[in-house]
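Structure file model27.txt; described as compact mmCIF, C-alpha atoms and all ligand atoms.
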# COMPACT_ATOMS: atom_id res chain seq x y z
CA MET P 1 -154.75 181.10 28.10
CA CYS P 2 -151.05 181.86 27.51
CA GLU P 3 -152.01 184.54 24.99
CA ARG P 4 -154.36 186.24 27.46
CA ALA P 5 -151.88 186.04 30.33
CA GLY P 6 -149.19 187.53 28.09
CA ARG P 7 -146.69 184.89 29.22
CA SER P 8 -146.20 181.18 29.19
CA VAL P 9 -148.45 179.02 31.33
CA THR P 10 -147.43 175.57 32.49
CA MET P 11 -149.80 172.87 33.63
CA LYS P 12 -148.33 170.73 36.39
CA THR P 13 -149.81 167.54 37.79
CA ILE P 14 -148.92 166.88 41.42
CA ASP P 15 -149.85 164.44 44.15
CA ARG P 16 -152.54 166.31 46.09
CA ASP P 17 -150.74 165.56 49.39
CA ARG P 18 -148.03 167.92 48.13
CA LEU P 19 -150.35 170.88 47.59
CA ASP P 20 -148.90 172.86 50.52
CA GLU P 21 -145.35 172.53 49.18
CA GLU P 22 -146.35 173.40 45.63
CA LEU P 23 -148.42 176.50 46.38
CA ASN P 24 -146.41 179.64 45.65
CA ASP P 25 -146.68 183.00 43.87
CA ASP P 26 -146.39 181.38 40.46
CA VAL P 27 -149.54 179.31 40.86
CA ALA P 28 -152.54 180.88 39.12
CA LEU P 29 -155.14 178.13 39.39
CA VAL P 30 -155.51 174.88 41.31
CA GLU P 31 -157.84 172.16 40.07
CA LEU P 32 -158.86 169.25 42.28
CA THR P 33 -161.48 166.52 42.15
CA GLN P 34 -163.69 166.93 45.20
CA VAL P 35 -164.57 163.23 45.53
CA ASP P 36 -161.99 160.63 44.62
CA TYR P 37 -163.92 157.95 42.74
CA ARG P 38 -161.42 155.24 43.73
CA SER P 39 -161.73 155.63 47.50
CA GLY P 40 -164.83 157.80 48.02
CA GLU P 41 -162.61 160.30 49.87
CA ALA P 42 -164.15 163.78 49.88
CA LEU P 43 -161.87 166.78 50.12
CA ASP P 44 -162.75 169.69 52.39
CA MET P 45 -163.67 172.37 49.85
CA ALA P 46 -163.72 175.34 52.20
CA THR P 47 -160.35 174.65 53.85
CA ILE P 48 -158.52 173.92 50.60
CA THR P 49 -160.10 176.85 48.76
CA GLU P 50 -159.08 179.18 51.57
CA LYS P 51 -155.50 177.89 51.43
CA VAL P 52 -155.37 178.35 47.65
CA HIS P 53 -156.75 181.88 47.91
CA ALA P 54 -154.22 182.74 50.61
CA ALA P 55 -151.50 181.78 48.12
CA GLY P 56 -153.02 184.16 45.56
CA ALA P 57 -154.42 181.47 43.28
CA LEU P 58 -157.91 180.59 42.10
CA MET P 59 -159.71 177.33 42.78
CA LEU P 60 -161.48 175.09 40.30
CA TRP P 61 -163.29 172.06 41.71
CA ASP P 62 -164.15 169.00 39.66
CA PHE P 63 -167.59 167.78 40.79
CA ALA P 64 -167.80 164.80 38.42
CA HIS P 65 -168.22 162.43 41.36
CA SER P 66 -169.88 164.88 43.74
CA ALA P 67 -172.84 166.55 42.04
CA GLY P 68 -176.01 164.64 42.77
CA ALA P 69 -174.26 162.43 45.34
CA VAL P 70 -173.18 164.78 48.14
CA PRO P 71 -174.29 168.22 49.35
CA LEU P 72 -172.19 171.01 47.83
CA ASP P 73 -172.15 174.66 48.86
CA VAL P 74 -169.92 176.66 46.54
CA THR P 75 -170.91 179.96 48.16
CA ALA P 76 -169.98 178.88 51.68
CA ALA P 77 -166.69 177.45 50.42
CA ASP P 78 -165.95 180.63 48.41
CA VAL P 79 -165.30 178.60 45.26
CA ASP P 80 -164.22 180.38 42.08
CA PHE P 81 -165.07 177.73 39.51
CA ALA P 82 -166.49 174.23 39.38
CA ALA P 83 -167.27 171.82 36.58
CA GLY P 84 -168.74 168.38 36.30
CA CYS P 85 -170.63 165.94 34.15
CA GLY P 86 -174.36 165.28 34.03
CA TYR P 87 -174.22 161.59 33.20
CA LYS P 88 -173.30 160.16 36.61
CA TYR P 89 -175.22 161.08 39.75
CA LEU P 90 -177.28 163.65 37.91
CA ASN P 91 -178.67 160.66 36.05
CA GLY P 92 -178.50 162.18 32.55
CA GLY P 93 -176.79 159.12 31.03
CA PRO P 94 -174.03 159.07 28.39
CA GLY P 95 -174.04 162.21 26.26
CA ALA P 96 -175.79 164.32 28.90
CA PRO P 97 -174.59 167.95 29.08
CA ALA P 98 -171.76 168.84 31.43
CA PHE P 99 -172.08 171.80 33.78
CA LEU P 100 -170.01 174.73 34.90
CA TYR P 101 -170.09 177.05 37.89
CA VAL P 102 -168.42 180.46 37.60
CA ARG P 103 -168.49 182.80 40.56
CA LYS P 104 -170.49 185.91 39.69
CA SER P 105 -167.49 188.25 39.95
CA TRP P 106 -165.79 186.26 37.15
CA GLN P 107 -168.76 186.16 34.81
CA GLY P 108 -168.33 188.61 31.95
CA LYS P 109 -164.54 188.60 32.46
CA LEU P 110 -163.85 185.07 31.28
CA ARG P 111 -164.15 184.05 27.66
CA ASN P 112 -165.66 180.73 26.63
CA PRO P 113 -163.00 179.01 24.50
CA LEU P 114 -165.75 176.93 22.85
CA PRO P 115 -168.45 179.49 22.13
CA GLY P 116 -171.69 178.14 20.76
CA TRP P 117 -174.81 179.45 19.09
CA LEU P 118 -176.88 179.39 22.29
CA GLY P 119 -174.15 181.40 24.05
CA HIS P 120 -174.71 184.31 21.68
CA ALA P 121 -176.30 187.49 23.01
CA ARG P 122 -179.10 187.19 20.45
CA PRO P 123 -179.05 183.61 19.08
CA PHE P 124 -182.25 183.97 17.08
CA ASP P 125 -181.06 187.07 15.21
CA PHE P 126 -178.60 184.81 13.35
CA GLU P 127 -176.01 187.60 13.13
CA LEU P 128 -172.77 187.12 11.24
CA THR P 129 -170.60 188.31 14.12
CA TYR P 130 -170.29 186.73 17.54
CA GLU P 131 -171.26 188.63 20.65
CA PRO P 132 -171.32 186.59 23.86
CA ALA P 133 -174.43 186.66 26.03
CA GLU P 134 -174.22 188.09 29.54
CA GLY P 135 -173.54 185.95 32.60
CA MET P 136 -173.49 182.17 32.49
CA GLN P 137 -175.37 182.02 29.20
CA ALA P 138 -172.08 182.87 27.45
CA PHE P 139 -170.69 179.49 28.52
CA VAL P 140 -173.32 177.42 26.74
CA THR P 141 -171.53 175.31 24.16
CA SER P 142 -173.48 173.55 21.46
CA SER P 143 -177.18 172.73 21.80
CA PRO P 144 -177.86 170.64 24.90
CA SER P 145 -179.79 167.40 24.67
CA ILE P 146 -183.19 168.21 26.18
CA VAL P 147 -183.91 164.50 26.60
CA ALA P 148 -180.73 164.06 28.68
CA LEU P 149 -181.45 167.19 30.70
CA ARG P 150 -184.85 165.91 31.82
CA PRO P 151 -183.63 163.29 34.33
CA SER P 152 -181.00 165.72 35.66
CA THR P 153 -183.68 168.32 36.31
CA GLU P 154 -185.66 165.71 38.21
CA ARG P 155 -182.58 164.77 40.21
CA LEU P 156 -181.91 168.40 41.12
CA THR P 157 -185.43 169.08 42.33
CA CYS P 158 -187.65 166.49 44.00
CA GLY P 159 -184.98 163.77 43.80
CA SER P 160 -182.54 165.82 45.88
CA ALA P 161 -185.12 166.91 48.38
CA ARG P 162 -186.06 163.30 49.03
CA ARG P 163 -182.52 162.04 49.30
CA TRP P 164 -181.14 164.94 51.27
CA GLY P 165 -183.98 164.34 53.70
CA THR P 166 -182.10 161.23 54.79
CA PHE P 167 -178.51 162.02 53.92
CA GLY P 168 -178.69 165.79 53.92
CA PRO P 169 -176.29 168.42 55.14
CA ARG P 170 -177.52 168.08 58.72
CA ALA P 171 -176.53 164.42 58.83
CA TRP P 172 -173.41 165.05 56.81
CA PRO P 173 -170.76 166.00 59.38
CA ASP P 174 -171.59 162.99 61.57
CA ARG P 175 -171.00 160.43 58.87
CA PRO P 176 -167.79 159.19 57.34
CA PHE P 177 -168.03 160.14 53.69
CA HIS P 178 -167.58 156.66 52.25
CA THR P 179 -170.54 155.37 54.26
CA THR P 180 -172.78 158.11 53.00
CA CYS P 181 -171.53 157.69 49.47
CA ARG P 182 -172.05 153.95 49.35
CA ARG P 183 -175.48 154.14 50.92
CA THR P 184 -176.50 156.85 48.51
CA THR P 185 -175.29 154.77 45.60
CA ALA P 186 -177.01 151.68 46.92
CA ARG P 187 -180.27 153.59 47.26
CA ARG P 188 -179.88 154.93 43.77
CA LEU P 189 -179.51 151.44 42.30
C1 LIG J 1 -162.66 163.34 37.86
C2 LIG J 1 -163.45 163.37 36.58
N1 LIG J 1 -163.66 164.54 35.99
C3 LIG J 1 -164.39 164.61 34.86
C4 LIG J 1 -164.92 163.48 34.29
C5 LIG J 1 -165.73 163.64 33.04
O1 LIG J 1 -165.01 163.18 31.96
P1 LIG J 1 -165.63 163.34 30.48
O2 LIG J 1 -165.81 164.78 30.22
O3 LIG J 1 -164.59 162.72 29.61
O4 LIG J 1 -166.90 162.59 30.45
C6 LIG J 1 -164.72 162.23 34.87
C7 LIG J 1 -165.27 161.02 34.28
O5 LIG J 1 -165.27 159.96 34.84
C8 LIG J 1 -163.95 162.18 36.05
O6 LIG J 1 -163.73 161.01 36.66

As structure tokens, what does this structure read like?
Ligand SMILES: Cc1ncc(COP(=O)(O)O)c(C=O)c1O
Amino acid sequence: MCERAGRSVTMKTIDRDRLDEELNDDVALVELTQVDYRSGEALDMATITEKVHAAGALMLWDFAHSAGAVPLDVTAADVDFAAGCGYKYLNGGPGAPAFLYVRKSWQGKLRNPLPGWLGHARPFDFELTYEPAEGMQAFVTSSPSIVALRPSTERLTCGSARRWGTFGPRAWPDRPFHTTCRRTTARRL
């Protein structure tokens, strides 16, 4: 990252309550966990992303405790990047593939620091040189476990439709997050 930026890059960990004070021209990227697993607190993605953009920085959301548990709209919140794991509420279990969201305007500009065979433009040509695939395919690292992907696929299709029927976006603003989160978890178990 430093090499590409042509200058030194520092990673700073701050208390998230101090975000306003810490945002300045030097900040390139802010990373926050959207749901705090300790308290169930959910951060307001759209408001925080807007604030970060206004300071000239990009926003990366960690959805490890959000995906599969709460409704997420990265387009409405104007999110740049998001990442998360598939083994929690996406039900993939330990070893399940993680996931990444990259806003379309950044695809093709960012380089995958861990390029893998399936991220090659033509993986089955077995070429000796590496040419990244277009779009999100370039971010595939390693060969995903198909067995672990199966329950996640289920969770993202009929599972979500069923659950969001009860706890969906329409009900969302009326409920305190922790209530929704606990009930969702209880239903899941
Ligand atoms: C906030 C957060 N991000 C990401 C992860 C995923 O961590 P790992 O990639 O080590 O499984 C976790 C795991 O609990 C987490 O709590």

Radius query 10 Å about (-173.3, 188.0, 35.4), atoms used: only C-alpha atoms, as JSON, numbers by chain | {"P": [102, 103, 104, 105, 106, 107, 108, 109, 133, 134, 135, 136, 137, 138]}

Could the residues in this selection be saved with C-alpha atoms as a PDB file, in the coordinates of the input?
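part_23.pdb written:
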ATOM      1  CA  VAL P 102    -168.420 180.460  37.600  1.00  0.00           C
ATOM      2  CA  ARG P 103    -168.490 182.800  40.560  1.00  0.00           C
ATOM      3  CA  LYS P 104    -170.490 185.910  39.690  1.00  0.00           C
ATOM      4  CA  SER P 105    -167.490 188.250  39.950  1.00  0.00           C
ATOM      5  CA  TRP P 106    -165.790 186.260  37.150  1.00  0.00           C
ATOM      6  CA  GLN P 107    -168.760 186.160  34.810  1.00  0.00           C
ATOM      7  CA  GLY P 108    -168.330 188.610  31.950  1.00  0.00           C
ATOM      8  CA  LYS P 109    -164.540 188.600  32.460  1.00  0.00           C
ATOM      9  CA  ALA P 133    -174.430 186.660  26.030  1.00  0.00           C
ATOM     10  CA  GLU P 134    -174.220 188.090  29.540  1.00  0.00           C
ATOM     11  CA  GLY P 135    -173.540 185.950  32.600  1.00  0.00           C
ATOM     12  CA  MET P 136    -173.490 182.170  32.490  1.00  0.00           C
ATOM     13  CA  GLN P 137    -175.370 182.020  29.200  1.00  0.00           C
ATOM     14  CA  ALA P 138    -172.080 182.870  27.450  1.00  0.00           C
TER      15      ALA P 138
END

Could I get the residue neighbourhood of ligand LIG 1 (chain J) at 9 Å, counting all atoms listed in the file, as a count of residues only?
-> 19

State, in Å with one decimal place, the distance from atom CA of Ala148 of chain P to atom CA of Leu90 of chain P.
->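 Distance between the two atoms: 9.9 Å.
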
How many Å separate atom CA of Asp20 of chain P from atom CA of His53 of chain P?
->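 Taking atom CA of Asp20 of chain P as the start and atom CA of His53 of chain P as the end point, the length is 12.2 Å.
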
Tell me which of P:Ala67, P:Leu23, P:Ser145, P:Asp80 sits closest to Thr49 of chain P, counting only C-alpha atoms.
->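 Distance minimum relative to Thr49 of chain P lands on P:Asp80.
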
Pick out the residues sitting within 12 Å of Glu50 of chain P, and hand them over as an MDAnalysis selection string; count all atoms listed in the file, and ignore anything fewer than 2 positions along from it in its own chain.
-> chainID P and resid 30 44:48 52:59 76:80

Select, from P:Leu118, P:Pro113, P:Gly92, P:Thr129, the residue with the minimum atom-to-atom distance to Leu149 of chain P, counting all atoms listed in the file.
->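 Comparing P:Leu118, P:Pro113, P:Gly92, P:Thr129 against Leu149 of chain P, the winner is P:Gly92.
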
What is the distance, in Å and to one decimal place, between atom CA of Thr75 of chain P and atom CA of Gly93 of chain P?
->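 So the answer is 27.6 Å.
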
Draw an axis-aligned box over all listed atoms of segment 89-108 of chain P, pad each side with 6 Å, and write its centre and edge lengths in Å, one decimal, as JSON.
{"center_x": -172.2, "center_y": 173.8, "center_z": 33.4, "size_x": 24.9, "size_y": 41.5, "size_z": 26.3}

May I ask which of the residues P:Val74, P:Asp26, P:Ser8, P:Leu114 is the closest one to Tyr101 of chain P, counting only C-alpha atoms?
-> P:Val74

Near-Pro123 of chain P list (12 Å; all atoms listed in the file; drop same-chain fewer than 4 positions) as a count of residues only | 17
